[in-house]
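Below is one structure, written out as structure tokens; comments come after it.
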Amino acid sequence: MQREDAEELHSLGFTAEELEELALSAPAVTDPVNLVDVYLRRSKKREDLATLRGHLRDIVRWCRGEDLQIRHVWFEQRSASKAHVRRDEFENAKAAVLAGRSKTLAVWKTDRLDRRGMGEVGGLLDDLDRRRARLVSTSEGLDSSKGGRIVFAILSERARDEARDIALRVQIGLDSHRIIGRAPGGKPPFGVRFIGDGKVGPDPQEYPTARKIADLLLGGMPATTIAHRLTAEGDKTRTGRHWSANAISRMAQSPLWAGVVPYRERKTDEFGNPIDKWGWKADPLVGSDGHPVSCGTGVVSLAEWYVIRGLFNSRTVRGALGRHGVKTPGKLLTGIMLCPFCRVGMVSGGESYRCRTRMEGGPAACIGVRTKASRVDEEMGEAWVTHVSSLEPEDPVLHEIAQRWLAYQDPEREERRKHVAAALEDAERRSEELDDAYYVHGRMKADRHASLGKALAEQMDTLRAELKALQRQSDLTPLLDGVLLAEGWEAATLADKRMLIRCAINELTLLPSTGQGDRRPIRDRLRVDWVAIGVVEPEELSD
């Protein structure tokens, strides 16, 4: 007859002869008072199984000295310090003892049982006491039925503190390695491989396909179309599967694809405590100088990576469940022009713009408005050219429009500007803390304060100079010449025109008609809130 825990014992690496020697080859049949359930745990798979076999041998020796038999050995690989991690085998071991199948729950050491403190261990001891059962730690000589509760309390709190110290040391180690340009563990994206010492480089086998995907993305091809093309050409992922749009998106938006260290924001529970979940979308880790930290060579350059990420962002919208894809607009003002009643972006249906709310919910949801799309598009194009070219060169509004356009046209520069601004803000904060430590609290010697202050001042001067250069506007002549502006508008793609519209306006509303057959010029029905420095009232288009 086979034991219930035969599979666990074999997974620990015991031979049949060793199990026979330990009296673990056959089921234990006796009174529950003489039976023991054993719980073994390791936090990570790389921990040596030989150590766990040694733990079990120690427990077997203790059982023989107490004339007890082991009913079941429970083994799992789980963290014992994280409240959100469910340990199924631990719960099964407790349930077996609490159900009366045995009267002893044995562990090798208290920290192998639980690292969440006396709050958890104390509840378990209460449950065991009510059932006349006990908890035993064999290496520490503790028995809850013989007055060991106080010692269990001390040791469980010590295990909790030790878990926090381990987590702190590991986090500091990871952060220190990242900041000097070492990529974190895990699998790198397709086309990239680890080449040692935390550095990455192109994978010779995967790079050709990965680079082909990058070129297609930079050419504006949607990820779904690329996936279909790769499947038709017989290209497979690293695991031998067909490509999908989701796989391409995750791969291409990983900073490692550009050879820079990724940083993911860690999620927290409802009380603000960190949990073992991170956002899937990573950003480049930025060093103290405001530059993304490099960890080698990827498939694309950093500039290409920013362009690719911008393309993905332009094709998705953020909803309640995260970002999801949207269809590429077929008209100039789709989603930009608002319905005057529900204030929702209008959609294009055939040759017209229509209220989305009315289309989806009917007249009970919104009265809605509609108009011919070609009339509005033509009028709004002319209005944009006229308005922008009428602005004076020193007008701050024109510079605001130009700044928005440059952010769209050069995403790498815009991201760089954000990184440098954040690094400057951090350096200024550290400078204030340094002065407080010296002038207010007196915790620092004068020469130490002077040397650190000088280094911080030089760093801030460098960052301020770079930020000023990044904020400097490019040549605004095309925006001031009506003829050049009109020519540029006509030559622009639909996506560029939509972005130019967004750069110049805060809001565009289509006013309702006076009735069927309304012959008013369409400009009379357009209410435009142009970008302005200061508060101004929206205006209706006029001649």
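Identifiers in the structure tokens: chain A, B, ... in order shown; residue index from 1 per chain; ligand index from 1 in order shown.
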
Quick one: residues within 12 Å of Thr225 (chain A), only C-alpha atoms counted, chain neighbours fewer than 5 positions away excluded, as a list in words?
->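 Non-adjacent residues within range: Ile213, Leu216, Leu217, Gly220, Leu230, Thr231, Ala232, Trp243, Ser244, Ala245, Asn246 and Ile248 of chain A.
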
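Closest approach to Leu135 (chain A) among A:Val36, A:Ala492, A:Leu452, A:Leu22: A:Val36, based on only C-alpha atoms.
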
With distances taken over only C-alpha atoms, the candidate from A:Asp426, A:Asp197, A:Glu490, A:Asp395 nearest Ala183 (chain A) is A:Asp197

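Using only C-alpha atoms, the shortest contact distance between Ser254 (chain A) and any of A:Pro222, A:Pro284, A:Pro27, A:Gly186 is found at A:Pro284.
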
Pairwise distance for CA of Gly122 (chain A) and CA of Gln77 (chain A), rounded to one decimal in Å = 23.0 Å

What lies within 7 Å of Ala504 (chain A) using only C-alpha atoms, ignoring chain neighbours under 3 positions off, as an MDAnalysis selection string?
-> chainID A and resid 401 500:501 530:531

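Take CA of Val33 (chain A) and CA of Gly100 (chain A): the distance between them is 8.8 Å.
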
For Leu218 (chain A), please output as an MDAnalysis selection string all residues within 12 Å (counting only C-alpha atoms; exclusion window: fewer than 2 positions along the same chain).
-> chainID A and resid 211:216 220:223 226 252 300:301 303:312

In Å to one decimal, how far is CA of Thr509 (chain A) from CA of Leu526 (chain A)?
->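 A separation of 5.9 Å between them.
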
Find the residues near Lys199 (chain A): any atom within 9 Å, counting only C-alpha atoms, skip ones fewer than 2 places away on the same chain, and give them as a count of residues only.
-> 14

Surrounding residues of Val136 (chain A) excluding itself and chain neighbours under 2 positions, 10 Å, only C-alpha atoms, as a list in words =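 Returned residues: Val36, Val38, Ile59, Thr104, Leu105, Ala106, Val107, Trp108, Lys109, Thr110, Arg134, Thr138, Ser139, Glu140, Gly141, Leu142, Asp143, Ser144, Ser145, Lys146, Gly148 and Phe152 of chain A.
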
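Counting only C-alpha atoms, the residue from A:Gly330, A:Gly361, A:Pro32, A:Pro393 that sits nearest to Ser348 (chain A) is A:Gly330.
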
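Shortest atom-to-atom contact with Cys339 (chain A) among A:Glu507, A:Asp524, A:Glu487, A:Glu7: A:Glu507, counting only C-alpha atoms.
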
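Considering only C-alpha atoms, the residue among A:Ala469, A:Arg464, A:Thr30, A:Thr371 positioned nearest to Gln516 (chain A) is A:Thr371.
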
Hey, what's within 12 Å of Leu49 (chain A) if we count only C-alpha atoms and toss same-chain stuff fewer than 6 positions away? As a ChimeraX atom specification, please?
-> /A:8-14,40-43,55-56,75-77
